[in-house]
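The next block is start_29.txt, given as compact mmCIF, C-alpha atoms and all ligand atoms.
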```txt
# COMPACT_ATOMS: atom_id res chain seq x y z
CA MET A 1 -32.10 5.41 -0.40
CA ALA A 2 -32.11 2.67 -3.01
CA ARG A 3 -33.63 3.41 -6.34
CA ARG A 4 -33.95 1.85 -9.73
CA ARG A 5 -31.56 3.35 -12.25
CA ASN A 6 -32.78 5.00 -15.38
CA LYS A 7 -31.39 3.53 -18.55
CA GLN A 8 -28.15 5.29 -19.40
CA PRO A 9 -27.34 6.33 -22.97
CA ASP A 10 -24.68 4.10 -24.43
CA SER A 11 -22.64 6.86 -26.05
CA ASN A 12 -19.72 6.38 -23.68
CA ALA A 13 -19.51 2.65 -24.05
CA THR A 14 -16.29 2.64 -26.07
CA GLN A 15 -13.06 4.42 -25.44
CA ARG A 16 -12.44 7.89 -26.83
CA SER A 17 -9.34 7.17 -28.89
CA ASP A 18 -8.71 10.90 -29.27
CA ALA A 19 -8.20 11.41 -25.53
CA VAL A 20 -4.61 10.89 -24.39
CA ALA A 21 -2.65 11.13 -21.17
CA VAL A 22 1.12 11.57 -21.12
CA VAL A 23 2.90 10.07 -18.15
CA SER A 24 6.35 10.51 -16.63
CA ALA A 25 9.11 7.90 -16.81
CA ARG A 26 8.30 6.99 -13.20
CA GLY A 27 4.65 6.45 -14.12
CA ALA A 28 5.59 4.29 -17.10
CA ALA A 29 7.98 2.30 -14.91
CA ARG A 30 5.12 1.34 -12.57
CA TRP A 31 3.28 -0.32 -15.42
CA GLN A 32 6.47 -2.09 -16.48
CA ARG A 33 6.76 -3.47 -12.95
CA GLY A 34 3.28 -4.97 -13.22
CA HIS A 35 1.24 -2.44 -11.25
CA PRO A 36 -1.79 -0.91 -13.02
CA TRP A 37 -2.00 2.43 -11.18
CA ILE A 38 -0.47 5.75 -12.21
CA PHE A 39 -0.80 8.54 -9.67
CA ARG A 40 -1.70 12.14 -10.42
CA SER A 41 1.88 13.31 -9.71
CA ASP A 42 3.10 11.13 -12.60
CA VAL A 43 0.67 12.48 -15.19
CA ARG A 44 2.47 15.06 -17.35
CA GLU A 45 -0.44 15.88 -19.66
CA ILE A 46 -3.96 15.43 -18.40
CA PRO A 47 -6.52 14.12 -20.91
CA GLY A 48 -8.88 16.82 -22.15
CA ALA A 49 -11.81 14.49 -21.63
CA PRO A 50 -14.25 13.46 -18.92
CA ALA A 51 -13.79 10.24 -16.95
CA GLY A 52 -13.55 7.13 -19.12
CA ALA A 53 -10.90 5.28 -21.10
CA VAL A 54 -7.89 7.07 -22.62
CA ARG A 55 -4.75 6.18 -24.54
CA VAL A 56 -1.61 6.58 -22.47
CA LEU A 57 1.71 7.77 -23.91
CA ASP A 58 5.14 7.87 -22.27
CA ASP A 59 7.15 11.08 -22.06
CA ARG A 60 8.47 10.48 -25.59
CA ARG A 61 4.87 10.08 -26.73
CA ARG A 62 5.18 6.36 -27.38
CA PRO A 63 1.89 4.51 -26.70
CA LEU A 64 1.80 2.38 -23.55
CA GLY A 65 -1.78 1.19 -23.52
CA ILE A 66 -5.36 2.01 -22.60
CA ALA A 67 -6.31 3.12 -19.10
CA LEU A 68 -9.32 4.20 -17.07
CA TRP A 69 -9.06 7.92 -16.38
CA SER A 70 -10.31 9.38 -13.09
CA PRO A 71 -10.03 13.19 -13.15
CA VAL A 72 -10.39 13.90 -9.40
CA SER A 73 -8.80 10.80 -7.91
CA GLU A 74 -5.21 10.54 -6.61
CA ILE A 75 -5.08 7.39 -8.73
CA SER A 76 -5.44 9.05 -12.12
CA LEU A 77 -4.94 6.12 -14.48
CA ARG A 78 -5.64 2.41 -14.13
CA LEU A 79 -4.21 0.22 -16.87
CA LEU A 80 -6.81 -1.87 -18.67
CA ASP A 81 -5.00 -3.15 -21.74
CA SER A 82 -1.38 -2.80 -22.82
CA ASP A 83 -2.51 -2.86 -26.47
CA PRO A 84 -2.99 0.86 -27.22
CA ASP A 85 -5.10 0.10 -30.30
CA VAL A 86 -7.71 -2.07 -28.68
CA THR A 87 -11.35 -0.94 -28.75
CA LEU A 88 -13.22 -1.24 -25.48
CA ASP A 89 -16.47 -2.43 -26.95
CA ASP A 90 -18.96 -4.90 -25.49
CA ALA A 91 -16.94 -7.80 -26.91
CA TRP A 92 -13.81 -6.64 -25.06
CA TRP A 93 -15.68 -6.49 -21.75
CA PHE A 94 -17.31 -9.85 -22.35
CA GLN A 95 -13.94 -11.44 -23.00
CA ARG A 96 -12.27 -9.91 -19.93
CA LEU A 97 -15.18 -10.83 -17.66
CA ARG A 98 -15.37 -14.33 -19.08
CA GLN A 99 -11.77 -14.96 -17.97
CA ALA A 100 -12.72 -13.88 -14.45
CA VAL A 101 -15.86 -16.04 -14.36
CA GLU A 102 -14.03 -19.11 -15.72
CA ARG A 103 -11.36 -18.82 -13.01
CA ARG A 104 -14.12 -19.62 -10.46
CA THR A 105 -15.27 -22.84 -12.11
CA PRO A 106 -13.54 -25.07 -9.51
CA LEU A 107 -15.71 -23.53 -6.76
CA ALA A 108 -18.98 -24.64 -8.30
CA GLY A 109 -19.28 -27.77 -6.17
CA THR A 110 -18.50 -26.16 -2.82
CA THR A 111 -20.54 -22.98 -2.70
CA ASN A 112 -23.25 -20.94 -4.42
CA ALA A 113 -21.58 -17.65 -3.40
CA CYS A 114 -18.23 -16.35 -4.52
CA ARG A 115 -16.45 -13.28 -5.77
CA LEU A 116 -16.66 -13.26 -9.56
CA VAL A 117 -14.48 -10.18 -10.05
CA HIS A 118 -11.77 -9.04 -7.66
CA GLY A 119 -10.81 -5.75 -9.30
CA GLU A 120 -7.11 -5.44 -10.10
CA GLY A 121 -6.71 -9.13 -9.15
CA ASP A 122 -8.75 -9.99 -12.25
CA ALA A 123 -7.27 -7.22 -14.45
CA ILE A 124 -10.51 -5.23 -14.21
CA PRO A 125 -9.42 -2.37 -11.97
CA SER A 126 -11.95 -0.99 -9.47
CA LEU A 127 -14.69 -3.51 -10.28
CA VAL A 128 -16.03 -5.90 -7.68
CA CYS A 129 -18.74 -8.43 -8.45
CA ASP A 130 -19.97 -10.99 -5.94
CA ARG A 131 -22.34 -13.78 -6.79
CA TYR A 132 -24.95 -14.90 -4.27
CA ASP A 133 -26.76 -17.88 -5.72
CA ARG A 134 -28.74 -16.49 -8.71
CA TRP A 135 -28.07 -12.82 -7.93
CA LEU A 136 -25.10 -10.49 -8.41
CA VAL A 137 -23.87 -7.54 -6.35
CA VAL A 138 -21.47 -5.18 -8.11
CA GLN A 139 -19.34 -2.25 -6.96
CA ILE A 140 -18.02 0.26 -9.47
CA ASN A 141 -15.28 1.98 -7.54
CA SER A 142 -13.76 4.47 -9.97
CA ALA A 143 -14.92 7.35 -12.13
CA GLY A 144 -13.05 5.89 -15.11
CA LEU A 145 -15.09 2.69 -14.92
CA GLU A 146 -18.51 4.35 -14.63
CA PRO A 147 -19.06 4.96 -18.39
CA PHE A 148 -18.72 1.19 -18.95
CA ARG A 149 -21.51 0.25 -16.59
CA SER A 150 -23.87 -0.91 -19.33
CA SER A 151 -21.19 -2.97 -21.15
CA ILE A 152 -20.26 -4.64 -17.87
CA LEU A 153 -23.89 -5.36 -17.05
CA ALA A 154 -24.54 -6.79 -20.51
CA ALA A 155 -21.52 -9.09 -20.24
CA LEU A 156 -22.49 -10.29 -16.75
CA LEU A 157 -26.06 -10.99 -17.88
CA ALA A 158 -24.77 -13.01 -20.81
CA LEU A 159 -22.19 -14.92 -18.75
CA VAL A 160 -24.17 -15.88 -15.64
CA GLN A 161 -27.85 -15.18 -16.42
CA PRO A 162 -28.61 -13.76 -12.96
CA LEU A 163 -32.15 -13.04 -11.77
CA GLY A 164 -31.09 -9.62 -10.52
CA VAL A 165 -28.10 -7.30 -10.21
CA LEU A 166 -27.65 -4.85 -7.35
CA ALA A 167 -25.02 -2.08 -7.34
CA ARG A 168 -23.72 -1.53 -3.80
CA ASN A 169 -21.96 1.66 -4.81
CA ASP A 170 -21.71 2.86 -1.23
CA ALA A 171 -18.00 2.26 -0.61
CA THR A 172 -15.84 5.16 0.62
CA ALA A 173 -13.61 4.70 -2.45
CA ARG A 174 -16.40 6.30 -4.49
CA ALA A 175 -16.12 9.58 -2.58
CA ARG A 176 -12.42 9.82 -3.44
CA GLU A 177 -13.41 9.47 -7.09
CA GLY A 178 -15.99 12.26 -6.88
CA LEU A 179 -18.82 9.73 -7.32
CA PRO A 180 -22.11 9.55 -5.42
CA ARG A 181 -22.47 6.80 -2.82
CA GLU A 182 -25.70 4.92 -3.48
CA THR A 183 -27.34 1.52 -3.73
CA THR A 184 -29.20 0.94 -6.99
CA LEU A 185 -31.02 -1.97 -8.56
CA GLU A 186 -29.46 -2.47 -11.99
CA TYR A 187 -31.44 -5.42 -13.29
CA GLY A 188 -34.33 -7.68 -12.29
CA ASP A 189 -34.98 -8.04 -8.57
CA VAL A 190 -32.68 -8.81 -5.67
CA PRO A 191 -34.12 -10.17 -2.40
CA ARG A 192 -33.24 -8.69 1.00
CA GLU A 193 -31.77 -12.02 2.07
CA ILE A 194 -30.16 -14.75 0.01
CA GLU A 195 -29.36 -18.20 1.33
CA VAL A 196 -25.72 -19.10 0.89
CA ASN A 197 -24.48 -22.65 1.05
CA GLU A 198 -20.80 -22.79 1.95
CA HIS A 199 -19.30 -26.25 2.34
CA ASP A 200 -22.72 -27.47 3.54
CA VAL A 201 -23.21 -24.67 6.05
CA ARG A 202 -26.14 -22.38 5.29
CA TYR A 203 -26.36 -18.71 6.11
CA LEU A 204 -28.36 -15.70 4.94
CA ALA A 205 -26.44 -12.95 3.19
CA ALA A 206 -27.94 -9.44 3.21
CA PRO A 207 -27.01 -7.89 -0.15
CA TRP A 208 -28.85 -4.58 0.40
CA THR A 209 -27.76 -3.83 3.92
CA GLY A 210 -25.04 -6.26 5.06
CA GLN A 211 -21.37 -5.41 5.36
CA LYS A 212 -19.39 -5.30 2.11
CA THR A 213 -21.72 -6.83 -0.50
CA GLY A 214 -23.71 -8.82 2.05
CA ALA A 215 -21.29 -11.34 3.52
CA PHE A 216 -17.57 -12.03 3.96
CA LEU A 217 -16.78 -14.45 1.18
CA ASP A 218 -13.01 -14.26 1.54
CA GLN A 219 -12.84 -16.50 4.64
CA ARG A 220 -14.73 -19.42 3.08
CA GLU A 221 -11.80 -21.86 2.89
CA ASN A 222 -10.42 -20.73 6.24
CA ARG A 223 -13.77 -21.51 7.86
CA LEU A 224 -13.68 -25.01 6.44
CA ARG A 225 -10.12 -25.44 7.74
CA VAL A 226 -11.15 -24.28 11.20
CA ARG A 227 -14.06 -26.72 11.18
CA GLU A 228 -11.62 -29.55 10.34
CA VAL A 229 -9.45 -28.80 13.38
CA ALA A 230 -12.01 -27.46 15.89
CA SER A 231 -12.75 -29.36 19.09
CA GLY A 232 -14.03 -29.01 22.65
CA ARG A 233 -15.01 -25.54 23.79
CA ALA A 234 -14.77 -22.96 21.02
CA LEU A 235 -14.92 -19.18 20.82
CA ASP A 236 -15.70 -17.11 17.70
CA CYS A 237 -14.85 -13.47 18.43
CA PHE A 238 -16.09 -10.87 15.91
CA ALA A 239 -18.64 -13.46 14.76
CA TYR A 240 -20.82 -11.18 12.56
CA HIS A 241 -23.65 -13.46 11.34
CA GLY A 242 -21.89 -16.51 12.75
CA SER A 243 -20.10 -17.98 9.76
CA PHE A 244 -17.07 -19.34 11.66
CA ALA A 245 -19.22 -20.35 14.63
CA LEU A 246 -21.57 -22.38 12.42
CA HIS A 247 -18.64 -24.29 10.95
CA MET A 248 -17.06 -24.88 14.36
CA ALA A 249 -20.38 -26.05 15.81
CA MET A 250 -20.16 -29.08 13.50
CA ALA A 251 -16.96 -30.24 15.24
CA ALA A 252 -16.73 -28.59 18.66
CA GLY A 253 -18.84 -29.41 21.73
CA GLN A 254 -19.98 -25.89 22.59
CA VAL A 255 -19.34 -22.62 20.77
CA VAL A 256 -19.49 -19.02 21.98
CA ALA A 257 -20.28 -16.56 19.15
CA LEU A 258 -19.39 -13.05 20.25
CA ASP A 259 -20.06 -9.74 18.52
CA SER A 260 -20.66 -6.17 19.64
CA SER A 261 -23.55 -5.76 17.19
CA ALA A 262 -26.99 -6.92 18.32
CA ASP A 263 -28.17 -6.93 14.69
CA ALA A 264 -25.34 -9.18 13.58
CA LEU A 265 -26.08 -11.57 16.46
CA ALA A 266 -29.80 -11.65 15.64
CA ARG A 267 -28.86 -12.82 12.17
CA ALA A 268 -26.37 -15.29 13.63
CA ARG A 269 -29.20 -16.79 15.70
CA ASN A 270 -31.36 -17.14 12.57
CA ASN A 271 -28.48 -18.78 10.77
CA ALA A 272 -28.04 -21.26 13.62
CA SER A 273 -31.75 -22.21 13.33
CA LEU A 274 -31.37 -22.57 9.58
CA ASN A 275 -28.71 -25.21 10.24
CA SER A 276 -30.59 -26.76 13.21
CA THR A 277 -27.51 -25.95 15.29
CA GLU A 278 -28.09 -25.90 19.04
CA ASN A 279 -24.60 -25.73 20.52
CA ILE A 280 -23.89 -22.03 20.00
CA ASP A 281 -24.20 -19.42 22.79
CA PHE A 282 -24.54 -15.86 21.52
CA VAL A 283 -22.81 -13.12 23.47
CA GLU A 284 -23.20 -9.42 22.78
CA ALA A 285 -20.02 -7.81 24.11
CA ASP A 286 -16.89 -5.93 23.27
CA ALA A 287 -14.26 -8.50 22.34
CA PHE A 288 -11.48 -6.63 24.15
CA ASP A 289 -13.46 -6.61 27.42
CA TYR A 290 -14.64 -10.19 27.04
CA LEU A 291 -11.18 -11.60 26.38
CA ARG A 292 -9.69 -9.70 29.32
CA GLU A 293 -12.45 -10.81 31.69
CA ARG A 294 -12.30 -14.45 30.64
CA GLU A 295 -8.54 -14.44 31.10
CA ARG A 296 -8.93 -12.96 34.58
CA ALA A 297 -11.49 -15.67 35.37
CA GLY A 298 -8.94 -18.34 34.33
CA GLU A 299 -11.13 -19.83 31.59
CA ARG A 300 -9.84 -22.04 28.81
CA PHE A 301 -10.95 -22.64 25.22
CA ASP A 302 -9.82 -25.42 22.90
CA THR A 303 -10.44 -23.47 19.71
CA ILE A 304 -10.52 -19.71 19.21
CA VAL A 305 -11.17 -17.64 16.08
CA LEU A 306 -10.23 -13.96 15.87
CA ASP A 307 -11.58 -12.34 12.71
CA PRO A 308 -11.76 -8.65 13.59
CA PRO A 309 -12.73 -5.78 11.28
CA ALA A 310 -9.84 -3.86 9.69
CA PHE A 311 -8.34 -1.99 12.66
CA ALA A 312 -5.95 -0.14 10.31
CA LYS A 313 -8.15 1.70 7.82
CA THR A 314 -5.27 4.01 6.81
CA ARG A 315 -1.50 3.87 7.04
CA ALA A 316 -1.61 6.59 9.72
CA THR A 317 -3.64 4.39 12.07
CA LEU A 318 -1.30 1.39 11.75
CA PRO A 319 0.53 1.88 15.09
CA THR A 320 -2.76 2.04 17.05
CA ALA A 321 -4.13 -0.85 15.04
CA LEU A 322 -1.06 -2.96 15.84
CA ASN A 323 -1.69 -2.40 19.55
CA GLY A 324 -5.26 -3.62 19.07
CA TYR A 325 -4.23 -6.75 17.17
CA HIS A 326 -1.50 -7.44 19.73
CA GLU A 327 -3.96 -7.12 22.59
CA ILE A 328 -6.62 -9.51 21.29
CA ASN A 329 -4.06 -12.07 20.11
CA LEU A 330 -2.17 -12.00 23.39
CA ARG A 331 -5.40 -12.57 25.37
CA ALA A 332 -6.58 -15.33 23.02
CA MET A 333 -3.25 -17.13 23.32
CA ARG A 334 -3.50 -17.03 27.11
CA LEU A 335 -7.04 -18.40 26.96
CA LEU A 336 -6.06 -21.50 24.98
CA ALA A 337 -6.02 -24.88 26.66
CA THR A 338 -2.78 -26.83 26.20
CA GLY A 339 -2.83 -28.13 22.63
CA GLY A 340 -5.58 -25.63 21.79
CA LEU A 341 -5.75 -23.86 18.44
CA LEU A 342 -6.12 -20.22 17.50
CA PHE A 343 -7.09 -19.14 14.00
CA THR A 344 -6.29 -15.46 13.79
CA ALA A 345 -6.78 -13.13 10.84
CA SER A 346 -6.36 -9.55 9.72
CA CYS A 347 -8.05 -8.00 6.71
CA SER A 348 -6.25 -4.64 6.97
CA TYR A 349 -4.35 -4.02 3.76
CA HIS A 350 -2.08 -1.56 5.61
CA LEU A 351 -0.98 -4.32 7.97
CA ASN A 352 1.13 -6.37 5.59
CA LYS A 353 2.34 -9.95 6.03
CA PRO A 354 5.60 -9.04 7.84
CA HIS A 355 3.67 -6.73 10.20
CA PHE A 356 1.13 -9.46 10.88
CA LEU A 357 3.74 -12.09 11.66
CA GLY A 358 5.80 -9.65 13.73
CA MET A 359 2.69 -8.77 15.75
CA LEU A 360 1.96 -12.47 16.36
CA GLU A 361 5.56 -13.10 17.44
CA ASP A 362 5.34 -10.24 19.94
CA ALA A 363 1.97 -11.43 21.24
CA ALA A 364 3.31 -14.99 21.62
CA ARG A 365 6.34 -13.76 23.53
CA ASP A 366 4.21 -11.60 25.84
CA SER A 367 1.64 -14.36 26.37
CA GLY A 368 4.20 -16.63 28.00
CA ARG A 369 2.87 -19.54 25.90
CA ARG A 370 4.90 -21.65 23.47
CA MET A 371 2.96 -20.92 20.29
CA VAL A 372 3.56 -23.10 17.26
CA LEU A 373 2.84 -21.74 13.79
CA ARG A 374 0.92 -24.58 12.13
CA GLU A 375 -0.22 -22.85 8.94
CA LEU A 376 -0.12 -19.50 7.22
CA ARG A 377 -3.28 -18.81 5.30
CA GLY A 378 -4.55 -16.18 2.88
CA GLN A 379 -7.18 -15.56 0.24
CA PRO A 380 -9.14 -18.12 -1.73
CA LEU A 381 -9.16 -18.71 -5.48
CA ASP A 382 -11.91 -16.15 -6.08
CA HIS A 383 -9.92 -13.30 -4.47
CA PRO A 384 -6.76 -13.51 -6.61
CA GLU A 385 -3.74 -11.83 -5.06
CA VAL A 386 -1.35 -10.62 -7.76
CA LEU A 387 2.20 -10.45 -6.43
CA THR A 388 3.07 -7.25 -8.27
CA ILE A 389 -0.12 -5.54 -7.00
CA PRO A 390 0.07 -5.61 -3.19
CA GLU A 391 -3.37 -3.97 -2.86
CA THR A 392 -5.02 -7.14 -4.25
CA GLY A 393 -3.84 -9.06 -1.16
CA TYR A 394 -5.22 -7.98 2.18
CA LEU A 395 -6.34 -11.08 4.08
CA LYS A 396 -3.77 -12.81 6.25
CA GLY A 397 -4.44 -15.72 8.55
CA ALA A 398 -2.47 -17.99 10.83
CA LEU A 399 -3.37 -21.23 12.56
CA LEU A 400 -1.47 -21.37 15.84
CA GLU A 401 -1.21 -24.07 18.48
CA ALA A 402 -0.50 -23.53 22.17
CA ALA A 403 2.09 -26.27 22.63
CA ASP A 404 2.25 -25.91 26.41
N1 LIG B 1 -16.03 -13.41 11.15
C1 LIG B 1 -17.06 -12.84 10.33
C2 LIG B 1 -16.75 -11.45 9.85
C3 LIG B 1 -16.38 -10.48 10.94
S1 LIG B 1 -16.63 -8.81 10.49
C4 LIG B 1 -17.33 -13.78 9.15
O1 LIG B 1 -16.55 -14.69 8.91
O2 LIG B 1 -18.35 -13.59 8.48
C5 LIG B 1 -16.25 -7.99 11.95
C6 LIG B 1 -17.30 -8.06 13.05
O3 LIG B 1 -16.71 -7.52 14.23
C7 LIG B 1 -18.55 -7.24 12.80
O4 LIG B 1 -19.68 -8.08 12.91
C8 LIG B 1 -18.58 -6.19 13.93
O5 LIG B 1 -19.88 -5.97 14.46
C9 LIG B 1 -17.70 -6.86 14.97
N2 LIG B 1 -16.99 -5.97 15.90
C10 LIG B 1 -16.34 -4.81 15.62
N3 LIG B 1 -15.72 -4.34 16.72
C11 LIG B 1 -15.96 -5.23 17.72
C12 LIG B 1 -15.58 -5.32 19.09
N4 LIG B 1 -14.80 -4.39 19.65
N5 LIG B 1 -15.99 -6.38 19.80
C13 LIG B 1 -16.77 -7.33 19.24
N6 LIG B 1 -17.16 -7.30 17.95
C14 LIG B 1 -16.77 -6.27 17.20
```

Whole structure, structure tokens version:
Amino acid sequence: MARRRNKQPDSNATQRSDAVAVVSARGAARWQRGHPWIFRSDVREIPGAPAGAVRVLDDRRRPLGIALWSPVSEISLRLLDSDPDVTLDDAWWFQRLRQAVERRTPLAGTTNACRLVHGEGDAIPSLVCDRYDRWLVVQINSAGLEPFRSSILAALLALVQPLGVLARNDATARAREGLPRETTLEYGDVPREIEVNEHDVRYLAAPWTGQKTGAFLDQRENRLRVREVASGRALDCFAYHGSFALHMAMAAGQVVALDSSADALARARNNASLNSTENIDFVEADAFDYLRERERAGERFDTIVLDPPAFAKTRATLPTALNGYHEINLRAMRLLATGGLLFTASCSYHLNKPHFLGMLEDAARDSGRRMVLRELRGQPLDHPEVLTIPETGYLKGALLEAAD
């Protein structure tokens, strides 16, 4: 149940310089290789302090920097600043958040919704902040970050002057940190639906109840790309509230938007009306069944989008997930008309780029089609993928053509 937060005392808002963690040589080496996480097994001396910021020393007690400390998490320490003497006051948070906000300046002309903070990708571990027009949705995903909630809020208010800030602190990551999962209004008011304009397509995001923070912002540029190449008869599998379908409807003759969720499709229908779009058919079905049946019926599509949910939620489920990805891609390839295009994506972090490409190669071989790789695609500017932090990159996409 959502509730308004009580004002928190500000006593935790700066680091406790007396609290220290000592880490092993292996832990220190991770930081040297550009990855901000140190796992519990590499912490030699645990800080005698509650969750928050601590100074980190190597095994010869030389200072390495300041990190967020999460006492119950497997990820014990997340590097914030390699200057061990820095003070994490409001000015520090303002400065760090300003860098993140300024990185998004080039998007101003194309959308009113974007990710302002992509956690480790913006050197603010475990913080997500998405902007929907004049409102912000934040996720504080570690115990170490929690004490800085009011500094973060103050900086965001100063930087973007939002009308309201909602905390969608309902992600599973919070449970691993020993934190409650809840949705709380942090500032002002946030409407149930917010109109997003994305490359001149309009849709309603649902910040309180929608998936993630209310919409899937990470596919924005891929949707535009698909719109540029779409034609003829198009199929958007896993359509959610219709974002790909709406873009394709501007270029294709007729579009099928398919999802297994009636709620998602109801919103997709509203979004189609919002854009005065009349060439989308909405189909409530399981994508696996639908693709198999259409293939059996010998149908053809000129453009297909596959944007499924993360089939691999953990490393252990990767083999099963690979079967699922293989299955839908194989069927989609067989359904393409000659010269037809498939945009296919995976947002499972555990399925890395080599896995993704290997799966597509296998599906292409098994489909019997000659599939041409036209483009490899990934995350947009507002979801920075840092090469030394693989966890910051999770979205993979490929534009494929059925050459014959
Ligand atoms: N393409 C969307 C995001 C897709 S999210 C966008 O760009 O905004 C994944 C969607 O897949 C969800 O809406 C979920 O309801 C749907 N889904 C999950 N499993 C499914 C299945 N087996 N068949 C059809 N849809 C499914």

Determine, for each residue of chain A having at least one atom at most 8 Å from an atom of ligand LIG 1 (chain B), the closest pair of atoms and their separation in Å to one decimal, counting only C-alpha atoms and all ligand atoms; order by chain and ascending number, as JSON lines.
```
{"residue": "A:Gln211", "atom": "CA", "partner": "B:LIG1", "partner_atom": "S1", "distance": 7.8}
{"residue": "A:Ala215", "atom": "CA", "partner": "B:LIG1", "partner_atom": "O2", "distance": 6.2}
{"residue": "A:Phe216", "atom": "CA", "partner": "B:LIG1", "partner_atom": "O2", "distance": 4.8}
{"residue": "A:Leu217", "atom": "CA", "partner": "B:LIG1", "partner_atom": "O2", "distance": 7.5}
{"residue": "A:Gln219", "atom": "CA", "partner": "B:LIG1", "partner_atom": "O1", "distance": 5.9}
{"residue": "A:Arg220", "atom": "CA", "partner": "B:LIG1", "partner_atom": "O1", "distance": 7.7}
{"residue": "A:Arg223", "atom": "CA", "partner": "B:LIG1", "partner_atom": "O1", "distance": 7.4}
{"residue": "A:Asp236", "atom": "CA", "partner": "B:LIG1", "partner_atom": "N1", "distance": 7.5}
{"residue": "A:Cys237", "atom": "CA", "partner": "B:LIG1", "partner_atom": "C13", "distance": 6.5}
{"residue": "A:Phe238", "atom": "CA", "partner": "B:LIG1", "partner_atom": "O3", "distance": 3.8}
{"residue": "A:Ala239", "atom": "CA", "partner": "B:LIG1", "partner_atom": "N1", "distance": 4.5}
{"residue": "A:Tyr240", "atom": "CA", "partner": "B:LIG1", "partner_atom": "O4", "distance": 3.3}
{"residue": "A:His241", "atom": "CA", "partner": "B:LIG1", "partner_atom": "O2", "distance": 6.0}
{"residue": "A:Gly242", "atom": "CA", "partner": "B:LIG1", "partner_atom": "O2", "distance": 6.3}
{"residue": "A:Ser243", "atom": "CA", "partner": "B:LIG1", "partner_atom": "O2", "distance": 4.9}
{"residue": "A:Phe244", "atom": "CA", "partner": "B:LIG1", "partner_atom": "O1", "distance": 5.4}
{"residue": "A:Leu258", "atom": "CA", "partner": "B:LIG1", "partner_atom": "C13", "distance": 6.4}
{"residue": "A:Asp259", "atom": "CA", "partner": "B:LIG1", "partner_atom": "N6", "distance": 3.8}
{"residue": "A:Ser260", "atom": "CA", "partner": "B:LIG1", "partner_atom": "N6", "distance": 4.0}
{"residue": "A:Ser261", "atom": "CA", "partner": "B:LIG1", "partner_atom": "O5", "distance": 4.6}
{"residue": "A:Ala264", "atom": "CA", "partner": "B:LIG1", "partner_atom": "O4", "distance": 5.8}
{"residue": "A:Glu284", "atom": "CA", "partner": "B:LIG1", "partner_atom": "C13", "distance": 7.6}
{"residue": "A:Ala285", "atom": "CA", "partner": "B:LIG1", "partner_atom": "C13", "distance": 5.9}
{"residue": "A:Asp286", "atom": "CA", "partner": "B:LIG1", "partner_atom": "N5", "distance": 3.6}
{"residue": "A:Ala287", "atom": "CA", "partner": "B:LIG1", "partner_atom": "N5", "distance": 3.7}
{"residue": "A:Phe288", "atom": "CA", "partner": "B:LIG1", "partner_atom": "N4", "distance": 6.0}
{"residue": "A:Leu306", "atom": "CA", "partner": "B:LIG1", "partner_atom": "N1", "distance": 7.5}
{"residue": "A:Asp307", "atom": "CA", "partner": "B:LIG1", "partner_atom": "N1", "distance": 4.8}
{"residue": "A:Pro308", "atom": "CA", "partner": "B:LIG1", "partner_atom": "C5", "distance": 4.8}
{"residue": "A:Pro309", "atom": "CA", "partner": "B:LIG1", "partner_atom": "C5", "distance": 4.2}
{"residue": "A:Ala310", "atom": "CA", "partner": "B:LIG1", "partner_atom": "C5", "distance": 8.0}
```

Would you pick out the contacts of Cys347 of chain A at 12 Å or less, using all atoms listed in the file, so that residues sharing its chain but fewer than 5 positions from it are not included, and give the list as a tab-separated table (two decimals) with C-alpha atoms, in the frame of the given file?
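Result file is around05.tsv:
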```
chain	number	residue	atom	x	y	z
A	216	PHE	CA	-17.57	-12.03	3.96
A	218	ASP	CA	-13.01	-14.26	1.54
A	219	GLN	CA	-12.84	-16.50	4.64
A	306	LEU	CA	-10.23	-13.96	15.87
A	307	ASP	CA	-11.58	-12.34	12.71
A	308	PRO	CA	-11.76	-8.65	13.59
A	309	PRO	CA	-12.73	-5.78	11.28
A	310	ALA	CA	-9.84	-3.86	9.69
A	311	PHE	CA	-8.34	-1.99	12.66
A	312	ALA	CA	-5.95	-0.14	10.31
A	313	LYS	CA	-8.15	1.70	7.82
A	321	ALA	CA	-4.13	-0.85	15.04
A	325	TYR	CA	-4.23	-6.75	17.17
A	352	ASN	CA	1.13	-6.37	5.59
A	353	LYS	CA	2.34	-9.95	6.03
A	356	PHE	CA	1.13	-9.46	10.88
A	377	ARG	CA	-3.28	-18.81	5.30
A	378	GLY	CA	-4.55	-16.18	2.88
A	379	GLN	CA	-7.18	-15.56	0.24
A	391	GLU	CA	-3.37	-3.97	-2.86
A	392	THR	CA	-5.02	-7.14	-4.25
A	393	GLY	CA	-3.84	-9.06	-1.16
A	394	TYR	CA	-5.22	-7.98	2.18
A	395	LEU	CA	-6.34	-11.08	4.08
A	396	LYS	CA	-3.77	-12.81	6.25
A	397	GLY	CA	-4.44	-15.72	8.55
```

Straight-line distance linking atom CA of Ile194 of chain A with atom CA of Ala100 of chain A, stated in Å to one decimal: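 The value is 22.7 Å.
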
From A:Ser142, A:Leu136, A:Glu228, A:Leu77, residue lying nearest Trp208 of chain A [all atoms listed in the file]: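 Checking each of A:Ser142, A:Leu136, A:Glu228, A:Leu77 against Trp208 of chain A, counting all atoms listed in the file, the winner is A:Leu136.
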
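Distances to Pro106 of chain A were evaluated for A:Leu381, A:Ala28, A:Ile75, A:Gly121 using only C-alpha atoms, and the minimum falls at A:Leu381.
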
May I have the protein, DNA and RNA residues with an atom at most 8 Å from (-8.9, -1.3, -17.9), counting only C-alpha atoms in the file's coordinates, returned as a PyMOL selection string? chain A and resi 53+66-68+78-81+123-125+145
